[in-house]
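One structure below.
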Amino acid sequence: MAAAGAILALAADRFTLEWTHSVTRTQWEESWVAGPEGLHPVEARIAGPGAGMEIPDGAWRVPGGWRYRVQVPPQKLVVLASSGATPSGWRVCAAGQCHDLALAADAPVRMWWGARCA
């Protein structure tokens, strides 16, 4: 992952990405799998819908919100951009550690999968 000249490498093939919706201020969390095909979001947990982000068909109710399977193919590059209205940046958690990613409207976060280092 890279943002504003900083790089964060995660030695994990699974991670979660969390953020707060800019309008409704509800919590969103996605589970991702990383591999040679790219980054693949597999499941999401949301407290409720937000402007431009509705609860999809097939979602099921859980305590505190909704869960659903994400129907998006693996992505070679994921760009997290900020509207400038979000109260915080993103949080990435993998292998028991979490990292807060800076929030900057002019410096999007870029995420991609890379081959293992020797």
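Following the order of the structure tokens, first chain is A, next is B, and so on, with residues numbered from 1 inside each chain and ligands from 1 in the order they appear.
Near Val78 in chain A, within 9 Å and counting only C-alpha atoms, sit Leu39, Val109, Arg110, Met111 and Trp112 of chain A; same-chain residues fewer than 6 positions away were not included.
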Write a file of the just-selected residues containing C-alpha atoms, as a short mmCIF file (atom, residue, chain, number, x, y, z; two decimals), in the first residue's frame.
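What ended up in selection37.cif:
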data_model
loop_
_atom_site.label_atom_id
_atom_site.label_comp_id
_atom_site.auth_asym_id
_atom_site.auth_seq_id
_atom_site.Cartn_x
_atom_site.Cartn_y
_atom_site.Cartn_z
CA LEU A 39 -6.89 -8.12 -4.26
CA VAL A 109 -4.08 5.30 -1.00
CA ARG A 110 -3.05 2.71 -3.60
CA MET A 111 -3.23 -0.99 -2.73
CA TRP A 112 -1.87 -3.90 -4.76
#
**Message:** Need to verify the contact set: Ile46 in chain A, 9 Å, only C-alpha atoms, exclusion of same-chain residues closer than 3 positions in sequence. Can you return it as a VMD selection string?
**Reply:** chain A and resid 26 to 30 49 55 64 to 68
**Message:** I'd like the contact shell of Arg14 in chain A - 12 Å cut-off, only C-alpha atoms, skipping same-chain residues fewer than 4 positions apart - returned as a PyMOL selection string.
**Reply:** chain A and resi 10+30-35+38-43+92-97+113
Residue subset to file, keeping N, CA, C and O atoms, as a PDB file, in the first residue's frame:
ATOM      1  N   LEU A  10       2.239  -5.522   3.940  1.00  0.00           N
ATOM      2  CA  LEU A  10       1.619  -6.474   4.855  1.00  0.00           C
ATOM      3  C   LEU A  10       2.052  -7.879   4.459  1.00  0.00           C
ATOM      4  O   LEU A  10       1.896  -8.269   3.305  1.00  0.00           O
ATOM      5  N   GLU A  30     -14.598  -4.348   5.278  1.00  0.00           N
ATOM      6  CA  GLU A  30     -14.522  -5.357   4.227  1.00  0.00           C
ATOM      7  C   GLU A  30     -13.398  -6.336   4.536  1.00  0.00           C
ATOM      8  O   GLU A  30     -12.347  -5.937   5.022  1.00  0.00           O
ATOM      9  N   SER A  31     -13.628  -7.608   4.222  1.00  0.00           N
ATOM     10  CA  SER A  31     -12.589  -8.629   4.322  1.00  0.00           C
ATOM     11  C   SER A  31     -12.049  -8.875   2.921  1.00  0.00           C
ATOM     12  O   SER A  31     -12.823  -9.045   1.972  1.00  0.00           O
ATOM     13  N   TRP A  32     -10.719  -8.896   2.792  1.00  0.00           N
ATOM     14  CA  TRP A  32     -10.054  -9.042   1.499  1.00  0.00           C
ATOM     15  C   TRP A  32      -9.108 -10.231   1.532  1.00  0.00           C
ATOM     16  O   TRP A  32      -8.549 -10.565   2.577  1.00  0.00           O
ATOM     17  N   VAL A  33      -8.885 -10.830   0.369  1.00  0.00           N
ATOM     18  CA  VAL A  33      -7.901 -11.882   0.170  1.00  0.00           C
ATOM     19  C   VAL A  33      -6.944 -11.389  -0.916  1.00  0.00           C
ATOM     20  O   VAL A  33      -7.387 -10.825  -1.925  1.00  0.00           O
ATOM     21  N   ALA A  34      -5.641 -11.584  -0.686  1.00  0.00           N
ATOM     22  CA  ALA A  34      -4.630 -11.151  -1.656  1.00  0.00           C
ATOM     23  C   ALA A  34      -3.988 -12.369  -2.308  1.00  0.00           C
ATOM     24  O   ALA A  34      -3.712 -13.368  -1.639  1.00  0.00           O
ATOM     25  N   GLY A  35      -3.767 -12.299  -3.620  1.00  0.00           N
ATOM     26  CA  GLY A  35      -3.125 -13.392  -4.330  1.00  0.00           C
ATOM     27  C   GLY A  35      -2.674 -12.956  -5.711  1.00  0.00           C
ATOM     28  O   GLY A  35      -2.827 -11.784  -6.079  1.00  0.00           O
ATOM     29  N   GLY A  38      -4.742 -10.682  -7.813  1.00  0.00           N
ATOM     30  CA  GLY A  38      -4.966  -9.330  -7.307  1.00  0.00           C
ATOM     31  C   GLY A  38      -5.580  -9.351  -5.920  1.00  0.00           C
ATOM     32  O   GLY A  38      -5.491 -10.338  -5.191  1.00  0.00           O
ATOM     33  N   LEU A  39      -6.207  -8.262  -5.554  1.00  0.00           N
ATOM     34  CA  LEU A  39      -6.885  -8.120  -4.265  1.00  0.00           C
ATOM     35  C   LEU A  39      -8.368  -8.385  -4.477  1.00  0.00           C
ATOM     36  O   LEU A  39      -8.989  -7.792  -5.366  1.00  0.00           O
ATOM     37  N   HIS A  40      -8.921  -9.263  -3.651  1.00  0.00           N
ATOM     38  CA  HIS A  40     -10.307  -9.680  -3.840  1.00  0.00           C
ATOM     39  C   HIS A  40     -11.126  -9.424  -2.578  1.00  0.00           C
ATOM     40  O   HIS A  40     -10.893 -10.071  -1.552  1.00  0.00           O
ATOM     41  N   PRO A  41     -12.088  -8.487  -2.642  1.00  0.00           N
ATOM     42  CA  PRO A  41     -12.976  -8.306  -1.490  1.00  0.00           C
ATOM     43  C   PRO A  41     -13.960  -9.473  -1.455  1.00  0.00           C
ATOM     44  O   PRO A  41     -14.563  -9.811  -2.470  1.00  0.00           O
ATOM     45  N   VAL A  42     -14.100 -10.109  -0.294  1.00  0.00           N
ATOM     46  CA  VAL A  42     -14.946 -11.302  -0.223  1.00  0.00           C
ATOM     47  C   VAL A  42     -16.188 -11.133   0.643  1.00  0.00           C
ATOM     48  O   VAL A  42     -17.202 -11.776   0.390  1.00  0.00           O
ATOM     49  N   GLU A  43     -16.117 -10.295   1.661  1.00  0.00           N
ATOM     50  CA  GLU A  43     -17.271 -10.093   2.531  1.00  0.00           C
ATOM     51  C   GLU A  43     -17.224  -8.693   3.121  1.00  0.00           C
ATOM     52  O   GLU A  43     -16.146  -8.137   3.315  1.00  0.00           O
ATOM     53  N   VAL A  92      -6.449  -0.610   8.255  1.00  0.00           N
ATOM     54  CA  VAL A  92      -6.150  -1.911   7.659  1.00  0.00           C
ATOM     55  C   VAL A  92      -5.640  -2.812   8.773  1.00  0.00           C
ATOM     56  O   VAL A  92      -4.730  -2.432   9.514  1.00  0.00           O
ATOM     57  N   CYS A  93      -6.233  -4.007   8.883  1.00  0.00           N
ATOM     58  CA  CYS A  93      -5.817  -4.957   9.908  1.00  0.00           C
ATOM     59  C   CYS A  93      -5.456  -6.282   9.249  1.00  0.00           C
ATOM     60  O   CYS A  93      -6.191  -6.771   8.381  1.00  0.00           O
ATOM     61  N   ALA A  94      -4.301  -6.832   9.654  1.00  0.00           N
ATOM     62  CA  ALA A  94      -3.839  -8.123   9.144  1.00  0.00           C
ATOM     63  C   ALA A  94      -2.938  -8.763  10.187  1.00  0.00           C
ATOM     64  O   ALA A  94      -2.172  -8.062  10.852  1.00  0.00           O
ATOM     65  N   ALA A  95      -3.040 -10.063  10.313  1.00  0.00           N
ATOM     66  CA  ALA A  95      -2.176 -10.835  11.216  1.00  0.00           C
ATOM     67  C   ALA A  95      -2.144 -10.245  12.625  1.00  0.00           C
ATOM     68  O   ALA A  95      -1.097 -10.169  13.250  1.00  0.00           O
ATOM     69  N   GLY A  96      -3.300  -9.785  13.115  1.00  0.00           N
ATOM     70  CA  GLY A  96      -3.388  -9.279  14.477  1.00  0.00           C
ATOM     71  C   GLY A  96      -2.882  -7.869  14.701  1.00  0.00           C
ATOM     72  O   GLY A  96      -2.841  -7.410  15.829  1.00  0.00           O
ATOM     73  N   GLN A  97      -2.505  -7.165  13.636  1.00  0.00           N
ATOM     74  CA  GLN A  97      -2.038  -5.783  13.770  1.00  0.00           C
ATOM     75  C   GLN A  97      -2.874  -4.869  12.884  1.00  0.00           C
ATOM     76  O   GLN A  97      -3.231  -5.240  11.769  1.00  0.00           O
ATOM     77  N   TRP A 113      -1.241  -6.246  -4.801  1.00  0.00           N
ATOM     78  CA  TRP A 113      -0.599  -7.454  -4.333  1.00  0.00           C
ATOM     79  C   TRP A 113       0.751  -7.565  -5.002  1.00  0.00           C
ATOM     80  O   TRP A 113       0.890  -7.280  -6.182  1.00  0.00           O
TER      81      TRP A 113
END
**Atomic separation - CA of Trp60 in chain A relative to CA of Leu77 in chain A, Å** =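 These atoms are spaced 28.6 Å apart.
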**Item:** Of the listed residues A:Pro63, A:Val70, A:Phe15, A:Val79, that which approaches Cys98 in chain A most closely, counting only C-alpha atoms
**Value:**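 The closest residue to Cys98 in chain A is A:Phe15.
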**Asked** Which of chain A counts as strand (DSSP E or B) under DSSP, as a ChimeraX atom specification please?
**Response** /A:2-3,6-7,14-20,27-35,38-46,50,53,60-62,65-69,75,78-80,90-94,97-101,109-111
**Asked** Could you state the separation of CA of Gly48 in chain A and CA of Arg69 in chain A in Å, given to one decimal place?
**Response** 15.2 Å
**Prompt:** Can you tell me how far CA of Ala107 in chain A sits from CA of Gly52 in chain A, in Å to one decimal?
**Reply:** 22.0 Å
